[in-house]
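Participant: Below are the structure tokens for one structure; questions will follow.
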There are 2 protein chains.
Amino acid sequence: MIRTIFMSLFLAVACIAITAQAGSQLLKDSLEHFAPLPDQPVYKAGNPGSREKLELGKMLFFDTRLSKSNVFSCNSCHNLAGGGVDNNPFSTGHKWQVGGRNAPTVFNASLHIAQFWDGRAEDVEAQAQGPILAGVEMAATKELALKRIGSIPEYQQRFATAFPGQENPFTYENIANAIGAFERTLLTPSRFDMFLKGNESALTDDEKAGLGLFIEKGCADCHDGIAVGGGGYREFGVSNKPEGLTDRGRIEVTNDEGDMHVFKVPSLRNIELTYPYFHDGSVFSLNEAISIMGWTQLGEKLTDSQIGSISTFLRSLTGERPDVTLPALPPSTKETPIPDRF
Amino acid sequence: MIRTIFMSLFLAVACIAITAQAGSQLLKDSLEHFAPLPDQPVYKAGNPGSREKLELGKMLFFDTRLSKSNVFSCNSCHNLAGGGVDNNPFSTGHKWQVGGRNAPTVFNASLHIAQFWDGRAEDVEAQAQGPILAGVEMAATKELALKRIGSIPEYQQRFATAFPGQENPFTYENIANAIGAFERTLLTPSRFDMFLKGNESALTDDEKAGLGLFIEKGCADCHDGIAVGGGGYREFGVSNKPEGLTDRGRIEVTNDEGDMHVFKVPSLRNIELTYPYFHDGSVFSLNEAISIMGWTQLGEKLTDSQIGSISTFLRSLTGERPDVTLPALPPSTKETPIPDRF
């Protein structure tokens with residue numbers, strides 16, 4: 001009996017070794033560029049994802065009281081029923097204003113090198129502090145957010161249990177810390193991850209052909225890593241400048257001339273769901289976006305057949321969206337500041 | 001052993017019988033006015049709630065593509081993470097316009113005599129056709145809604161399975177039929193229902209005192225039935241006209257002079273969550289709303305103690321919100337009309 005178990009274990013290990021050795025050249029090439037999603041969320045040091053904190057973060061993610069008007073929540077622009085985006089070129093915010101850049105997806109965002117198109121926030125916890133205060137987005141102030149949420153006894157209790165041992169667990173930073181921890185759970189494993197883990201039949205032959213082309217053409221030199229992008233910054237228009245590019249990009253953050261028109265390389269996971277594309281959301285068609293990238297970044301006019309093939313691969317990056325059950329938000333109290341649309 | 005089991009069974013049955021007979025006067029009085037929520041959704045004849053239809057209805061309920069701008073879904077104003085409302089006096093819609101009446105809760109709405117404050121839609125299926133087309137709400141047209149949803153293959157398939165046997169399952173009416181069927185599942189059983197079913201300890205003594213007062217004062221003469229309201233129409237200001245009442249109410253629907261300032265009696269289920277109150281959302285405080293009702297409808301200046309007692313009872317109507325897992329919406333295609341904010 002024990003011998004049988006050992007024999008089974010030995011065979012299992014041997015099989016894994018053989019599989020790894022026997023991986024196709026495409027798999028080997030892929031593993032030089034990409035890595036599968038982690039099986040579990042990776043939390044920020046000092047901000048672990050306890051059950052209590054994740055529930056609190058989810059509640060805040062869906063709570064419109066963080067916006068001055070009570071019209072918008074995080075989910076308004078980062079819609080978890082969609083691709084973690086709102087599929088608008090620019091998001092609509094307070095008083096029907098629009099933002100200046102396309103809202104990036106929240107799915108897998110925690111795996112990026114930094115947040116926002118210009119990388120001005122170091123992680124999702126830091127990012128979450130921004131839109132609540134942005135005048136064209138949620139248009140609140142720290143004071144208003146704290147007063148709204150702090151006026152609700154259930155929230156006060158939840159902050160205490162979500163941030164145990166802190167002298168003052170209810171802070172604006174912890175609102176964002178809870179939201180950020182929740183966002184780290186928003187991972188979307190796909191067939192591409194199964195492929196990277198050695199199950200080569202997880203991708204179709206057409207998808208594999210597209211993957212090969214994606215690597216061969218050099219797309220994977222920028223769109224790489226766990227998130228197939230999100231790992232660094234590149235100039236938009238390395239080879240040819242796109243028409244009408246007015247956004248100065250990361251230079252606004254670094255004041256470094258070399259960062260003119262530089263943006264974070266967007267993740268291509270769920271790219272099928274995250275249209276319209278680019279920092280300005282100017283292109284709804286994935287094929288058109290691939291064509292533009294070929295010309296501006298690689299200096300190459302890709303053929304329709306090549307574009308179609310890369311597109312076929314990219315659609316295999318559409319992952320399984322996590323089950324998100326809506327929270328049951330507690331009611332306001334007579335101390336809660338009422339909505340202000342103006 | 002067997003004798004013991006039989007003895008236990010006998011005692012259990014006897015207890016139930018005694019409880020039923022021995023129900024307090026308050027329970028008897030309550031059952032003359034109210035009824036517990038049904039255990040299962042009640043579907044409209046001809047629009048049964050199959051699993052496929054309910055999933056489709058949930059998808060459409062959360063799909064912002066039904067709005068011209070892609071900013072709003074049904075859930076924007078009837079937020080299932082809240083009280084099935086947006087907690088704004090008037091809802092914000094297309095181009096930051098506002099509606100003219102407070103958005104009523106979608107929870108338990110299917111049990112009302114009719115929909116909207118003026119009862120102009122006969123049921124939730126008919127109601128769901130309205131906001132999509134309303135210029136100050138989602139501002140779409142039937143054509144746009146059909147073009148958006150119809151351009152998405154997964155939706156086409158889902159309409160076919162949700163409405164089997166229909167020659168043309170994909171119609172504007174069926175968009176609303178699917179949404180309406182889903183809305184019928186949005187029931188929120190509360191401790192009050194346990195009480196009505198004979199478990200008298202489900203309410204505290206204070207809540208029972210409030211319930212008694214609610215009946216005694218005559219509140220329950222209008223706020224009655226399964227939904228504790230929603231079953232009929234009443235003039236706002238039977239005893240004393242509220243100040244500044246400009247909304248003509250149901251007369252706009254019936255052209256009957258007797259319907260001047262007449263509105264559907266709102267359901268008080270989840271009233272703790274559905275502030276602000278009245279057709280114009282002018283009052284955020286439940287106690288103030290009770291006070292106004294006492295004066296305008298009953299001609300009585302309720303004392304603070306009476307108001308507090310009724311309020312205590314009303315909070316027991318806060319039910320368990322159904323678990324709603326966000327749908328995974330399929331992406332648009334190149335045939336899908338893009339968002340239009342203007």
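Labels used: A, B, ... for chains in the order of the structure tokens, numbers from 1 for residues in each chain, and numbers from 1 for ligands as shown.
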Leaving out Glu137 of chain B and any residue of its chain fewer than 5 positions from it, which residues lie within 9 Å of it when counting only C-alpha atoms, given as a list in words?
Facilitator: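 Contacts, with the query itself left out: Ser67, Phe72, Ser91, Thr92, Gly93, His94, Lys95, Gln97, Val98, Gly99, Pro131 and Ile132 of chain B.
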Participant: Would you save the residues of that selection, restricted to N, CA, C and O atoms, as an mmCIF file, in the first residue's frame?
Facilitator:
```cif
data_model
loop_
_atom_site.group_PDB
_atom_site.id
_atom_site.type_symbol
_atom_site.label_atom_id
_atom_site.label_comp_id
_atom_site.auth_asym_id
_atom_site.auth_seq_id
_atom_site.Cartn_x
_atom_site.Cartn_y
_atom_site.Cartn_z
ATOM 1 N N SER B 67 -28.463 52.218 -22.126
ATOM 2 C CA SER B 67 -28.543 53.682 -22.098
ATOM 3 C C SER B 67 -27.747 54.255 -23.271
ATOM 4 O O SER B 67 -26.745 53.675 -23.695
ATOM 5 N N PHE B 72 -25.501 54.457 -17.738
ATOM 6 C CA PHE B 72 -26.511 53.997 -16.781
ATOM 7 C C PHE B 72 -27.060 52.610 -17.128
ATOM 8 O O PHE B 72 -27.279 52.289 -18.288
ATOM 9 N N SER B 91 -33.375 60.889 -9.485
ATOM 10 C CA SER B 91 -32.240 60.203 -10.094
ATOM 11 C C SER B 91 -31.595 61.067 -11.162
ATOM 12 O O SER B 91 -32.269 61.816 -11.868
ATOM 13 N N THR B 92 -30.285 60.922 -11.254
ATOM 14 C CA THR B 92 -29.527 61.611 -12.292
ATOM 15 C C THR B 92 -29.473 60.733 -13.529
ATOM 16 O O THR B 92 -29.180 59.542 -13.434
ATOM 17 N N GLY B 93 -29.767 61.338 -14.671
ATOM 18 C CA GLY B 93 -29.759 60.578 -15.917
ATOM 19 C C GLY B 93 -28.933 61.262 -16.987
ATOM 20 O O GLY B 93 -28.018 62.032 -16.686
ATOM 21 N N HIS B 94 -29.301 60.959 -18.221
ATOM 22 C CA HIS B 94 -28.557 61.417 -19.399
ATOM 23 C C HIS B 94 -28.241 62.910 -19.337
ATOM 24 O O HIS B 94 -29.106 63.726 -19.083
ATOM 25 N N LYS B 95 -27.002 63.236 -19.560
ATOM 26 C CA LYS B 95 -26.519 64.622 -19.552
ATOM 27 C C LYS B 95 -26.771 65.345 -18.224
ATOM 28 O O LYS B 95 -27.005 66.543 -18.202
ATOM 29 N N GLN B 97 -29.254 65.294 -16.362
ATOM 30 C CA GLN B 97 -30.631 65.705 -16.108
ATOM 31 C C GLN B 97 -31.171 64.948 -14.899
ATOM 32 O O GLN B 97 -30.623 63.922 -14.500
ATOM 33 N N VAL B 98 -32.248 65.441 -14.330
ATOM 34 C CA VAL B 98 -32.888 64.723 -13.231
ATOM 35 C C VAL B 98 -34.327 64.381 -13.568
ATOM 36 O O VAL B 98 -34.991 65.107 -14.311
ATOM 37 N N GLY B 99 -34.776 63.285 -13.002
ATOM 38 C CA GLY B 99 -36.167 62.897 -13.149
ATOM 39 C C GLY B 99 -37.056 63.791 -12.299
ATOM 40 O O GLY B 99 -36.574 64.653 -11.552
ATOM 41 N N PRO B 131 -37.871 53.491 -18.461
ATOM 42 C CA PRO B 131 -36.644 54.268 -18.230
ATOM 43 C C PRO B 131 -35.625 54.185 -19.359
ATOM 44 O O PRO B 131 -34.859 55.122 -19.572
ATOM 45 N N ILE B 132 -35.596 53.091 -20.070
ATOM 46 C CA ILE B 132 -34.646 52.964 -21.186
ATOM 47 C C ILE B 132 -34.897 54.062 -22.208
ATOM 48 O O ILE B 132 -33.959 54.632 -22.782
#
```
Participant: Using DSSP secondary structure from the backbone, list all alpha helix (DSSP H) positions within segment 101-205 of chain B, as a count of residues only.
Facilitator: 47
Participant: Residues of segment 102-176 of chain A within 6 Å of segment 83-89 of chain A: nearest atom pair and distance (Å, one decimal) for each, counting only C-alpha atoms, sorted by chain and number, as JSON lines?
Facilitator:
```
{"residue": "A:Asn102", "atom": "CA", "partner": "A:Pro89", "partner_atom": "CA", "distance": 5.5}
{"residue": "A:Thr105", "atom": "CA", "partner": "A:Gly84", "partner_atom": "CA", "distance": 4.6}
{"residue": "A:Val106", "atom": "CA", "partner": "A:Gly84", "partner_atom": "CA", "distance": 5.1}
{"residue": "A:Phe107", "atom": "CA", "partner": "A:Gly84", "partner_atom": "CA", "distance": 5.7}
```
Participant: Could the residues of chain A that have an atom at most 10 Å from chain B be listed as JSON lines, each with its closest atom pair and the distance in Å to one decimal, counting only C-alpha atoms and ordered by chain and ascending residue number?
Facilitator:
```
{"residue": "A:Met59", "atom": "CA", "partner": "B:Ala81", "partner_atom": "CA", "distance": 8.4}
{"residue": "A:Phe62", "atom": "CA", "partner": "B:Ala81", "partner_atom": "CA", "distance": 7.3}
{"residue": "A:Asp63", "atom": "CA", "partner": "B:Ala81", "partner_atom": "CA", "distance": 8.1}
{"residue": "A:Thr64", "atom": "CA", "partner": "B:Asp86", "partner_atom": "CA", "distance": 8.4}
{"residue": "A:Arg65", "atom": "CA", "partner": "B:Asn87", "partner_atom": "CA", "distance": 9.5}
{"residue": "A:Ser69", "atom": "CA", "partner": "B:Asn88", "partner_atom": "CA", "distance": 8.4}
{"residue": "A:Asn70", "atom": "CA", "partner": "B:Asn88", "partner_atom": "CA", "distance": 7.2}
{"residue": "A:Val71", "atom": "CA", "partner": "B:Thr92", "partner_atom": "CA", "distance": 7.2}
{"residue": "A:Phe72", "atom": "CA", "partner": "B:Ser76", "partner_atom": "CA", "distance": 8.6}
{"residue": "A:Ser73", "atom": "CA", "partner": "B:Ser76", "partner_atom": "CA", "distance": 9.9}
{"residue": "A:Ser76", "atom": "CA", "partner": "B:Val71", "partner_atom": "CA", "distance": 7.7}
{"residue": "A:Cys77", "atom": "CA", "partner": "B:Val71", "partner_atom": "CA", "distance": 8.6}
{"residue": "A:Asn79", "atom": "CA", "partner": "B:Phe62", "partner_atom": "CA", "distance": 9.6}
{"residue": "A:Leu80", "atom": "CA", "partner": "B:Leu326", "partner_atom": "CA", "distance": 7.3}
{"residue": "A:Ala81", "atom": "CA", "partner": "B:Ala328", "partner_atom": "CA", "distance": 5.1}
{"residue": "A:Gly82", "atom": "CA", "partner": "B:Leu329", "partner_atom": "CA", "distance": 5.4}
{"residue": "A:Gly83", "atom": "CA", "partner": "B:Leu329", "partner_atom": "CA", "distance": 8.2}
{"residue": "A:Asp86", "atom": "CA", "partner": "B:Val71", "partner_atom": "CA", "distance": 7.5}
{"residue": "A:Asn87", "atom": "CA", "partner": "B:Asn70", "partner_atom": "CA", "distance": 7.8}
{"residue": "A:Asn88", "atom": "CA", "partner": "B:Pro339", "partner_atom": "CA", "distance": 6.6}
{"residue": "A:Pro89", "atom": "CA", "partner": "B:Pro339", "partner_atom": "CA", "distance": 8.6}
{"residue": "A:Ser91", "atom": "CA", "partner": "B:Val71", "partner_atom": "CA", "distance": 8.3}
{"residue": "A:Thr92", "atom": "CA", "partner": "B:Val71", "partner_atom": "CA", "distance": 7.2}
{"residue": "A:Gly93", "atom": "CA", "partner": "B:Val71", "partner_atom": "CA", "distance": 9.5}
{"residue": "A:His94", "atom": "CA", "partner": "B:Trp96", "partner_atom": "CA", "distance": 8.5}
{"residue": "A:Lys95", "atom": "CA", "partner": "B:Trp96", "partner_atom": "CA", "distance": 5.9}
{"residue": "A:Trp96", "atom": "CA", "partner": "B:Trp96", "partner_atom": "CA", "distance": 5.6}
{"residue": "A:Gln97", "atom": "CA", "partner": "B:Lys95", "partner_atom": "CA", "distance": 9.2}
{"residue": "A:Val98", "atom": "CA", "partner": "B:Arg341", "partner_atom": "CA", "distance": 10.0}
{"residue": "A:Glu272", "atom": "CA", "partner": "B:Pro331", "partner_atom": "CA", "distance": 6.9}
{"residue": "A:Leu273", "atom": "CA", "partner": "B:Pro331", "partner_atom": "CA", "distance": 5.4}
{"residue": "A:Thr274", "atom": "CA", "partner": "B:Pro331", "partner_atom": "CA", "distance": 8.4}
{"residue": "A:Tyr275", "atom": "CA", "partner": "B:Pro331", "partner_atom": "CA", "distance": 8.7}
{"residue": "A:Pro276", "atom": "CA", "partner": "B:Ile338", "partner_atom": "CA", "distance": 9.4}
{"residue": "A:Phe284", "atom": "CA", "partner": "B:Lys334", "partner_atom": "CA", "distance": 7.8}
{"residue": "A:Ser285", "atom": "CA", "partner": "B:Lys334", "partner_atom": "CA", "distance": 6.7}
{"residue": "A:Leu286", "atom": "CA", "partner": "B:Lys334", "partner_atom": "CA", "distance": 9.3}
{"residue": "A:Glu320", "atom": "CA", "partner": "B:Ala328", "partner_atom": "CA", "distance": 8.8}
{"residue": "A:Arg321", "atom": "CA", "partner": "B:Ala328", "partner_atom": "CA", "distance": 6.9}
{"residue": "A:Pro322", "atom": "CA", "partner": "B:Ala328", "partner_atom": "CA", "distance": 9.1}
{"residue": "A:Asp323", "atom": "CA", "partner": "B:Thr325", "partner_atom": "CA", "distance": 6.4}
{"residue": "A:Val324", "atom": "CA", "partner": "B:Thr325", "partner_atom": "CA", "distance": 5.4}
{"residue": "A:Thr325", "atom": "CA", "partner": "B:Thr325", "partner_atom": "CA", "distance": 4.0}
{"residue": "A:Leu326", "atom": "CA", "partner": "B:Ala81", "partner_atom": "CA", "distance": 5.6}
{"residue": "A:Pro327", "atom": "CA", "partner": "B:Ala81", "partner_atom": "CA", "distance": 5.4}
{"residue": "A:Ala328", "atom": "CA", "partner": "B:Ala81", "partner_atom": "CA", "distance": 5.1}
{"residue": "A:Leu329", "atom": "CA", "partner": "B:Gly82", "partner_atom": "CA", "distance": 5.3}
{"residue": "A:Pro330", "atom": "CA", "partner": "B:Gly82", "partner_atom": "CA", "distance": 7.4}
{"residue": "A:Pro331", "atom": "CA", "partner": "B:Leu273", "partner_atom": "CA", "distance": 5.4}
{"residue": "A:Ser332", "atom": "CA", "partner": "B:Leu273", "partner_atom": "CA", "distance": 8.0}
{"residue": "A:Thr333", "atom": "CA", "partner": "B:Ser285", "partner_atom": "CA", "distance": 8.3}
{"residue": "A:Lys334", "atom": "CA", "partner": "B:Ser285", "partner_atom": "CA", "distance": 6.7}
{"residue": "A:Ile338", "atom": "CA", "partner": "B:Phe284", "partner_atom": "CA", "distance": 8.1}
{"residue": "A:Pro339", "atom": "CA", "partner": "B:Asn88", "partner_atom": "CA", "distance": 6.6}
{"residue": "A:Asp340", "atom": "CA", "partner": "B:Asn88", "partner_atom": "CA", "distance": 9.1}
{"residue": "A:Arg341", "atom": "CA", "partner": "B:Thr92", "partner_atom": "CA", "distance": 8.6}
```
Participant: Calculate the C-alpha RMSD, in Å to one decimal, after superposing chain B onto chain A by least squares over all C-alpha atoms paired in sequence order.
Facilitator: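 It comes to 1.1 Å after superposition.
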